[in-house]
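Structure file coords-v7.cif with mmCIF, C-alpha atoms:
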data_protein
#
loop_
_atom_site.label_atom_id
_atom_site.label_comp_id
_atom_site.auth_asym_id
_atom_site.auth_seq_id
_atom_site.Cartn_x
_atom_site.Cartn_y
_atom_site.Cartn_z
CA MET H 161 146.45 43.67 -135.95
CA LYS H 162 149.02 43.91 -133.19
CA ILE H 163 149.30 42.54 -129.67
CA LYS H 164 148.88 45.19 -127.01
CA LEU H 165 151.75 44.84 -124.55
CA LYS H 166 149.71 46.14 -121.62
CA TYR H 167 147.57 43.00 -121.84
CA VAL H 168 150.46 40.52 -121.92
CA PHE H 169 151.22 41.03 -118.23
CA ILE H 170 147.54 40.54 -117.26
CA TRP H 171 147.36 37.39 -119.40
CA PHE H 172 150.58 35.93 -117.95
CA ILE H 173 149.63 36.54 -114.30
CA ASP H 174 146.22 35.02 -114.94
CA GLN H 175 147.82 31.92 -116.48
CA LEU H 176 150.13 31.46 -113.49
CA ARG H 177 147.10 31.50 -111.20
CA GLN H 178 145.51 28.60 -113.05
CA PRO H 179 145.85 25.10 -111.45
CA HIS H 180 146.81 23.70 -114.87
CA TRP H 181 149.42 26.40 -115.67
CA VAL H 182 152.36 23.97 -115.88
CA ASP H 183 150.61 21.90 -118.54
CA ASP H 184 149.31 24.86 -120.52
CA LEU H 185 152.50 26.94 -120.43
CA LEU H 186 155.27 24.33 -120.35
CA LEU H 187 153.99 20.91 -121.45
CA ASN H 188 151.18 21.03 -123.98
CA ARG H 189 151.72 24.80 -124.42
CA LYS H 190 148.04 25.41 -125.27
CA ALA H 191 148.09 28.76 -123.47
CA TRP H 192 150.50 30.24 -126.02
CA GLY H 193 147.75 30.10 -128.62
CA ALA H 194 146.67 33.46 -127.19
CA PHE H 195 149.47 35.04 -129.24
CA SER H 196 147.87 33.92 -132.49
CA VAL H 197 145.65 36.51 -134.13
CA TYR H 198 143.05 33.74 -134.48
CA SER H 199 142.64 33.73 -130.72
CA HIS H 200 140.88 37.04 -131.34
CA LEU H 201 139.56 36.64 -134.90
CA LYS H 202 137.42 33.95 -136.50
CA ARG H 203 139.26 32.04 -139.20
CA ASN H 204 136.35 31.93 -141.65
CA ASP H 205 135.45 35.63 -141.87
CA HIS H 206 138.14 37.35 -139.73
CA LYS H 207 135.49 38.96 -137.54
CA PRO H 208 136.27 39.29 -133.80
CA GLN H 209 135.53 36.34 -131.56
CA LYS H 210 132.94 36.85 -128.85
CA ALA H 211 134.60 38.78 -126.02
CA TYR H 212 133.40 39.46 -122.48
CA PRO H 213 134.19 42.63 -120.50
CA THR H 214 135.41 40.86 -117.36
CA LYS H 215 136.92 37.52 -116.39
CA GLU H 216 133.95 36.89 -114.10
CA LYS H 217 131.51 37.20 -117.02
CA ALA H 218 133.69 34.95 -119.19
CA LEU H 219 133.80 32.33 -116.41
CA GLU H 220 130.01 32.45 -116.11
CA VAL H 221 129.63 31.83 -119.84
CA ALA H 222 132.30 29.10 -119.80
CA LYS H 223 130.41 27.26 -117.08
CA LYS H 224 127.20 27.26 -119.13
CA MET H 225 129.07 26.15 -122.27
CA SER H 226 130.67 23.32 -120.30
CA GLU H 227 127.29 22.11 -119.05
CA GLN H 228 125.87 22.16 -122.58
CA SER H 229 128.78 20.51 -124.38
CA GLY H 230 130.22 18.17 -121.76
CA ALA H 231 133.68 19.52 -122.61
CA THR H 232 136.04 21.62 -120.51
CA VAL H 233 135.72 25.32 -121.37
CA ARG H 234 138.35 27.80 -120.14
CA THR H 235 138.88 31.53 -120.30
CA PHE H 236 141.86 33.72 -121.17
CA LYS H 237 142.70 37.40 -121.39
CA CYS H 238 142.80 38.55 -125.00
CA LEU H 239 146.08 40.12 -126.09
CA TYR H 240 144.40 42.10 -128.88
CA CYS H 241 141.40 43.70 -127.19
CA ASP H 242 140.01 44.73 -123.80
CA GLY H 243 137.95 41.59 -123.36
CA TRP H 244 138.20 37.97 -122.29
CA HIS H 245 137.56 34.96 -124.51
CA THR H 246 136.53 31.36 -123.92
CA TYR H 247 137.93 28.23 -125.57
CA LYS H 248 136.92 24.59 -125.51
CA LEU H 249 139.30 21.73 -124.74
CA GLU H 250 138.26 18.79 -126.91
CA ASP H 251 138.89 15.64 -124.91
CA ARG H 252 136.86 12.90 -126.60
CA HIS H 253 137.39 10.37 -123.85
CA GLN H 254 136.32 12.77 -121.11
CA LYS H 255 133.39 13.98 -123.18
CA LEU H 256 132.21 10.41 -123.71
CA ALA H 257 132.68 9.62 -120.01
CA ASN H 258 130.62 12.68 -119.08
CA MET H 259 127.86 11.70 -121.50
CA LEU H 260 127.71 8.07 -120.35
CA GLN H 261 127.73 9.09 -116.69
CA TRP H 262 124.91 11.55 -117.29
CA LEU H 263 122.85 8.92 -119.16
CA LYS H 264 123.43 6.42 -116.35
CA GLU H 265 122.08 8.92 -113.83
CA GLN H 266 118.85 9.25 -115.84
CA LYS H 267 117.94 5.61 -115.11
CA ILE H 268 116.55 5.08 -118.60
CA VAL H 269 114.34 2.00 -118.87
CA SER H 270 113.41 0.29 -122.15
CA PRO H 271 109.64 -0.22 -122.52
CA THR H 272 107.95 -3.59 -122.91
CA ALA H 273 105.33 -2.33 -125.39
CA SER H 274 105.79 -3.43 -129.00
CA ALA H 275 104.68 -0.11 -130.54
CA LEU H 276 106.42 3.25 -130.48
CA ASP H 277 105.10 6.00 -128.26
CA THR H 278 105.19 8.46 -131.14
CA GLU H 279 103.57 11.30 -129.20
CA ARG H 280 106.31 11.34 -126.59
CA ILE H 281 109.02 11.28 -129.26
CA VAL H 282 107.41 14.20 -131.09
CA GLN H 283 107.43 16.18 -127.83
CA ALA H 284 111.15 15.50 -127.26
CA ASP H 285 112.17 18.66 -129.14
CA ILE H 286 114.62 16.86 -131.45
CA PRO H 287 115.85 19.08 -134.34
CA ASP H 288 114.35 18.25 -137.77
CA LEU H 289 112.38 15.33 -136.37
CA ALA H 290 109.93 13.54 -138.67
CA GLN H 291 108.29 10.14 -138.82
CA ALA H 292 109.70 7.73 -141.38
CA TYR H 293 107.99 4.41 -142.01
CA GLY H 294 108.10 2.49 -138.73
CA GLY H 295 110.55 4.84 -137.05
CA PHE H 296 111.80 8.41 -136.92
CA ARG H 297 114.37 10.54 -138.70
CA GLY H 298 116.20 13.63 -137.49
CA ARG H 299 119.49 15.21 -136.55
CA THR H 300 122.33 13.08 -135.18
CA LEU H 301 122.18 12.99 -131.37
CA SER H 302 125.84 12.47 -130.49
CA ALA H 303 126.31 16.06 -129.24
CA TYR H 304 126.31 16.48 -125.46
CA ARG H 305 123.82 19.34 -125.73
CA GLN H 306 121.28 16.89 -127.23
CA ARG H 307 121.56 14.41 -124.37
CA ASN H 308 118.00 15.09 -123.18
CA ALA H 309 116.62 13.43 -126.32
CA TRP H 310 117.89 9.95 -125.43
CA LYS H 311 115.54 9.22 -122.53
CA PRO H 312 112.28 9.85 -124.46
CA LEU H 313 113.64 8.03 -127.51
CA VAL H 314 114.59 4.87 -125.64
CA GLU H 315 111.63 4.85 -123.28
CA SER H 316 109.29 5.41 -126.24
CA GLY H 317 110.46 2.20 -127.88
CA VAL H 318 113.27 3.07 -130.29
CA ARG H 319 115.54 0.03 -130.50
CA GLN H 320 118.06 0.85 -133.23
CA VAL H 321 120.03 3.81 -134.55
CA ILE H 322 121.11 4.18 -138.19
CA ASP H 323 124.01 6.60 -138.68
CA LEU H 324 124.52 8.03 -142.18
CA ARG H 325 127.53 10.35 -141.64
CA GLU H 326 130.27 9.33 -144.06
CA ASP H 327 132.83 11.64 -142.43
CA TYR H 328 132.30 10.24 -138.92
CA ALA H 329 135.25 8.23 -137.61
CA SER H 330 134.60 8.10 -133.86
CA ASP H 331 133.03 5.42 -131.66
CA PHE H 332 131.24 8.07 -129.59
CA TYR H 333 127.78 7.46 -131.09
CA SER H 334 128.08 3.68 -131.03
CA GLU H 335 129.22 3.72 -127.39
CA ILE H 336 126.16 5.73 -126.41
CA CYS H 337 123.93 3.21 -128.20
CA LYS H 338 125.72 0.28 -126.54
CA THR H 339 125.22 1.83 -123.11
CA LEU H 340 121.51 2.31 -123.79
CA GLY H 341 121.03 -1.18 -125.23
CA LEU H 342 120.37 0.08 -128.76
CA GLU H 343 121.54 -1.52 -132.00
CA TYR H 344 123.90 0.75 -133.93
CA PHE H 345 124.13 0.45 -137.72
CA TYR H 346 126.67 2.55 -139.62
CA TYR H 347 125.56 3.21 -143.20
CA PRO H 348 127.76 6.03 -144.59
CA VAL H 349 126.28 7.98 -147.49
CA ARG H 350 128.35 9.93 -149.99
CA TYR H 351 128.50 10.38 -153.76
CA GLU H 352 131.85 8.68 -154.19
CA GLU H 353 132.59 5.41 -155.98
CA SER H 354 134.02 3.50 -153.02
CA THR H 355 131.28 4.69 -150.69
CA ILE H 356 128.53 3.81 -153.16
CA GLU H 357 130.01 0.31 -153.50
CA ARG H 358 129.80 -0.08 -149.73
CA MET H 359 126.25 1.29 -149.71
CA VAL H 360 125.17 -1.26 -152.32
CA GLU H 361 126.84 -4.05 -150.35
CA GLN H 362 125.10 -3.06 -147.11
CA PHE H 363 121.77 -2.17 -148.74
CA PRO H 364 120.00 -5.48 -147.91
CA GLU H 365 120.89 -5.00 -144.24
CA LEU H 366 119.65 -1.41 -144.35
CA CYS H 367 116.30 -2.58 -145.72
CA LYS H 368 115.99 -5.15 -142.93
CA LYS H 369 116.66 -2.45 -140.34
CA ILE H 370 114.01 -0.12 -141.77
CA ASP H 371 111.51 -2.98 -142.18
CA ALA H 372 111.96 -3.86 -138.51
CA GLY H 373 110.83 -0.36 -137.53
CA ARG H 374 111.44 1.32 -134.17
CA PHE H 375 114.54 3.01 -135.59
CA TYR H 376 116.07 6.47 -135.46
CA ILE H 377 117.86 7.28 -138.72
CA SER H 378 119.99 10.39 -138.96
CA CYS H 379 122.72 12.35 -140.67
CA ALA H 380 124.42 15.50 -139.39
CA ASN H 381 121.34 17.69 -139.93
CA GLY H 382 118.75 14.97 -140.45
CA LEU H 383 117.81 16.38 -143.85
CA HIS H 384 119.81 15.50 -146.94
CA ARG H 385 121.60 12.17 -146.60
CA THR H 386 118.53 10.95 -144.75
CA ASP H 387 116.37 11.96 -147.74
CA ILE H 388 118.73 10.11 -150.08
CA THR H 389 118.78 6.93 -147.99
CA LEU H 390 115.01 6.72 -147.60
CA CYS H 391 114.58 7.32 -151.34
CA LEU H 392 117.03 4.51 -152.10
CA TYR H 393 115.06 2.24 -149.79
CA TRP H 394 111.80 3.09 -151.53
CA VAL H 395 112.95 3.07 -155.17
CA PHE H 396 114.97 -0.17 -155.07
CA TYR H 397 113.03 -2.11 -152.47
CA ALA H 398 109.90 -0.84 -150.75
CA ALA H 399 108.01 0.39 -153.82
CA ASP H 400 107.78 -3.21 -155.06
CA LYS H 401 105.96 -4.03 -151.81
CA GLY H 402 103.38 -1.31 -152.26
CA VAL H 403 104.96 1.02 -149.70
CA ALA H 404 104.42 4.76 -150.16
CA PRO H 405 107.41 6.98 -150.98
CA PRO H 406 108.97 8.94 -148.12
CA PRO H 407 108.17 12.64 -147.65
CA LEU H 408 111.28 14.75 -148.24
CA CYS H 409 112.57 17.07 -145.53
CA GLY H 410 115.74 18.54 -147.06
CA TYR H 411 115.70 18.36 -150.86
CA ARG H 412 112.57 20.45 -151.31
CA GLN H 413 111.76 23.50 -153.36
CA ASP H 414 110.54 25.41 -150.31
CA LYS H 415 113.97 24.81 -148.73
CA GLY H 416 115.71 26.25 -151.79
CA ARG H 417 116.92 22.85 -153.04
CA THR H 418 116.16 20.47 -155.88
CA THR H 419 116.16 16.68 -156.01
CA GLU H 420 119.19 16.59 -158.33
CA LYS H 421 121.52 14.98 -155.76
CA ILE H 422 118.95 12.31 -154.97
CA ARG H 423 118.70 11.55 -158.68
CA LEU H 424 122.49 11.33 -158.98
CA MET H 425 122.66 8.78 -156.17
CA LEU H 426 119.73 6.80 -157.56
CA ASP H 427 121.41 6.65 -160.99
CA ALA H 428 124.75 5.58 -159.47
CA PHE H 429 122.98 2.85 -157.49
CA TYR H 430 121.09 1.66 -160.57
CA ASP H 431 124.25 1.53 -162.71
CA LEU H 432 126.29 -0.34 -160.10
CA LEU H 433 123.55 -2.88 -159.41
CA THR H 434 123.16 -3.44 -163.15
CA GLN H 435 126.90 -3.90 -163.52
CA GLN H 436 127.12 -6.36 -160.62
CA THR H 437 124.16 -8.55 -161.58
CA GLY H 438 124.27 -8.23 -165.36
CA LYS H 439 120.69 -6.92 -165.49
CA PRO H 440 118.78 -3.84 -164.26
CA PRO H 441 117.46 -4.12 -160.71
CA ILE H 442 114.10 -2.80 -161.96
CA PRO H 443 112.84 -2.06 -165.50
CA ASN H 444 114.14 1.26 -166.77
CA ASP H 445 110.67 2.71 -167.43
CA VAL H 446 109.64 1.94 -163.84
CA PHE H 447 112.87 3.47 -162.57
CA VAL H 448 112.19 6.67 -164.53
CA LYS H 449 108.65 6.91 -163.13
CA ARG H 450 109.86 6.43 -159.57
CA LYS H 451 112.37 9.24 -160.00
CA GLU H 452 109.52 11.41 -161.25
CA VAL H 453 107.69 10.66 -158.00
CA ILE H 454 110.75 11.85 -156.05
CA ASP H 455 110.74 15.05 -158.13
CA GLN H 456 107.07 15.60 -157.30
CA LEU H 457 107.84 15.20 -153.62
CA GLY H 458 110.57 17.81 -153.90
CA LEU H 459 108.15 20.23 -155.53
CA GLY H 460 105.66 19.72 -152.72
CA THR H 461 102.86 18.44 -154.97
CA PHE H 462 100.52 15.59 -154.17
CA LEU H 463 102.01 12.13 -153.87
CA LEU H 464 101.63 9.99 -156.95
CA PRO H 465 100.50 6.37 -156.68
CA THR H 466 103.22 3.95 -155.60
CA LEU H 467 104.75 2.23 -158.62
#

Can the structure from this file be put into structure tokens for me?
Amino acid sequence: MKIKLKYVFIWFIDQLRQPHWVDDLLLNRKAWGAFSVYSHLKRNDHKPQKAYPTKEKALEVAKKMSEQSGATVRTFKCLYCDGWHTYKLEDRHQKLANMLQWLKEQKIVSPTASALDTERIVQADIPDLAQAYGGFRGRTLSAYRQRNAWKPLVESGVRQVIDLREDYASDFYSEICKTLGLEYFYYPVRYEESTIERMVEQFPELCKKIDAGRFYISCANGLHRTDITLCLYWVFYAADKGVAPPPLCGYRQDKGRTTEKIRLMLDAFYDLLTQQTGKPPIPNDVFVKRKEVIDQLGLGTFLLPTL
């Protein structure tokens, strides 16, 4: 694929008309990315990026994208096709400032009632939302486009957020929680030796958080690491108290998945706890039966009695 010279002049004049042209052309040089073929093609499948027939249409789309994401979205003339593209400037500090300012304008007030207003939370249109013990589970709500979920969550009585994303290294989510007066607990989940050691170390605190209720627990999609964490809670702690096992939302046969990864994490937890204490955390036959319950949940069959 080759650059079409007739578009270079249009692109350059358009850049010079931008208020930020000095930065983009001379300082940070972001504008010169238009000469890369990946300004026109997607890196994953090499299919063309979305293009718009006019700059006016691209600007209209960029404005909507900006409102949804909280980030700055700009347009540029493509050097490879007739259209115009959009691109997002990732400025974490500005994005966070925009989110916090927006939340402040909502005048969110924490309720005085001791129980969750579950009906209002269910109506909040949160992706992959489901009840879990004394709280809720679902998709992580750090994205700007999900900002509308915070008001019903907080005003319905949620008091703590449990974040399970192992690959998350920002303070964005915790800053949102701090602003809203929510407790933030970071419990990264991943099948890796060092991470599992940390999970075991923090497990008692996790159990306290879940026991306290009024929580929102989430991973990136609210499905898989959340399944794993709630199963760990039940197998190694809550089952002994007569608590029912958690319904699965991600590792289910009707979703095209098995419970194998849950089993792997359960086994790793069991082995490490046994190694640390010198004895199994629960009898092996009980452990086997509890894993069978998890398998039944994944198959969508009736719940077995709590063991």

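Nearest to Thr214 in chain H of all the residues H:His245, H:Gly382, H:Leu239, H:Lys190 is H:His245, counting only C-alpha atoms.
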
Give, as AutoDock Vina command-line options, the centre coordinates and the x, y and z edge lengths in Å to one decimal for an axis-aligned box around all listed atoms of range 301-304 of chain H, padded by 8 Å on each side.
--center_x 124.2 --center_y 14.5 --center_z -128.4 --size_x 20.1 --size_y 20.0 --size_z 21.9

Within 10 Å of Leu301 in chain H, counting all atoms listed in the file, which residues show up once you throw out same-chain ones fewer than 5 positions away? Write them as a VMD selection string, please. chain H and resid 286 to 287 306 to 310 321 323 333 336 376 378 to 382

Which polymer residues have any atom within 10 Å of an atom of range 171-178 of chain H, counting all atoms listed in the file, with same-chain residues fewer than 4 positions away left out, as a ChimeraX atom specification? /H:166-167,182,184-185,191-192,194,215,235-239,244

Taking the point (122.9, 2.3, -164.1) as given in the file, collect each protein or nucleic acid residue that comes within 12 Å of it, counting only C-alpha atoms, and present the set as an mmCIF file with C-alpha atoms, keeping the file's coordinate frame.
data_model
loop_
_atom_site.group_PDB
_atom_site.id
_atom_site.type_symbol
_atom_site.label_atom_id
_atom_site.label_comp_id
_atom_site.auth_asym_id
_atom_site.auth_seq_id
_atom_site.Cartn_x
_atom_site.Cartn_y
_atom_site.Cartn_z
ATOM 1 C CA ARG H 423 118.700 11.550 -158.680
ATOM 2 C CA LEU H 424 122.490 11.330 -158.980
ATOM 3 C CA MET H 425 122.660 8.780 -156.170
ATOM 4 C CA LEU H 426 119.730 6.800 -157.560
ATOM 5 C CA ASP H 427 121.410 6.650 -160.990
ATOM 6 C CA ALA H 428 124.750 5.580 -159.470
ATOM 7 C CA PHE H 429 122.980 2.850 -157.490
ATOM 8 C CA TYR H 430 121.090 1.660 -160.570
ATOM 9 C CA ASP H 431 124.250 1.530 -162.710
ATOM 10 C CA LEU H 432 126.290 -0.340 -160.100
ATOM 11 C CA LEU H 433 123.550 -2.880 -159.410
ATOM 12 C CA THR H 434 123.160 -3.440 -163.150
ATOM 13 C CA GLN H 435 126.900 -3.900 -163.520
ATOM 14 C CA GLN H 436 127.120 -6.360 -160.620
ATOM 15 C CA THR H 437 124.160 -8.550 -161.580
ATOM 16 C CA GLY H 438 124.270 -8.230 -165.360
ATOM 17 C CA LYS H 439 120.690 -6.920 -165.490
ATOM 18 C CA PRO H 440 118.780 -3.840 -164.260
ATOM 19 C CA PRO H 441 117.460 -4.120 -160.710
ATOM 20 C CA ILE H 442 114.100 -2.800 -161.960
ATOM 21 C CA PRO H 443 112.840 -2.060 -165.500
ATOM 22 C CA ASN H 444 114.140 1.260 -166.770
ATOM 23 C CA PHE H 447 112.870 3.470 -162.570
ATOM 24 C CA VAL H 448 112.190 6.670 -164.530
#

As a count of residues only, please: the residues near range 249-263 of chain H (cut-off 6 Å, all atoms listed in the file, same-chain neighbours under 6 positions excluded). 3

At a cut-off of 12 Å around the point (115.0, 1.3, -144.4) (file coordinates), what residues fall inside when counting only C-alpha atoms? I'd like the answer as a PyMOL selection string. chain H and resi 292-297+320-324+345+347+362-378+386-399+403+405-406
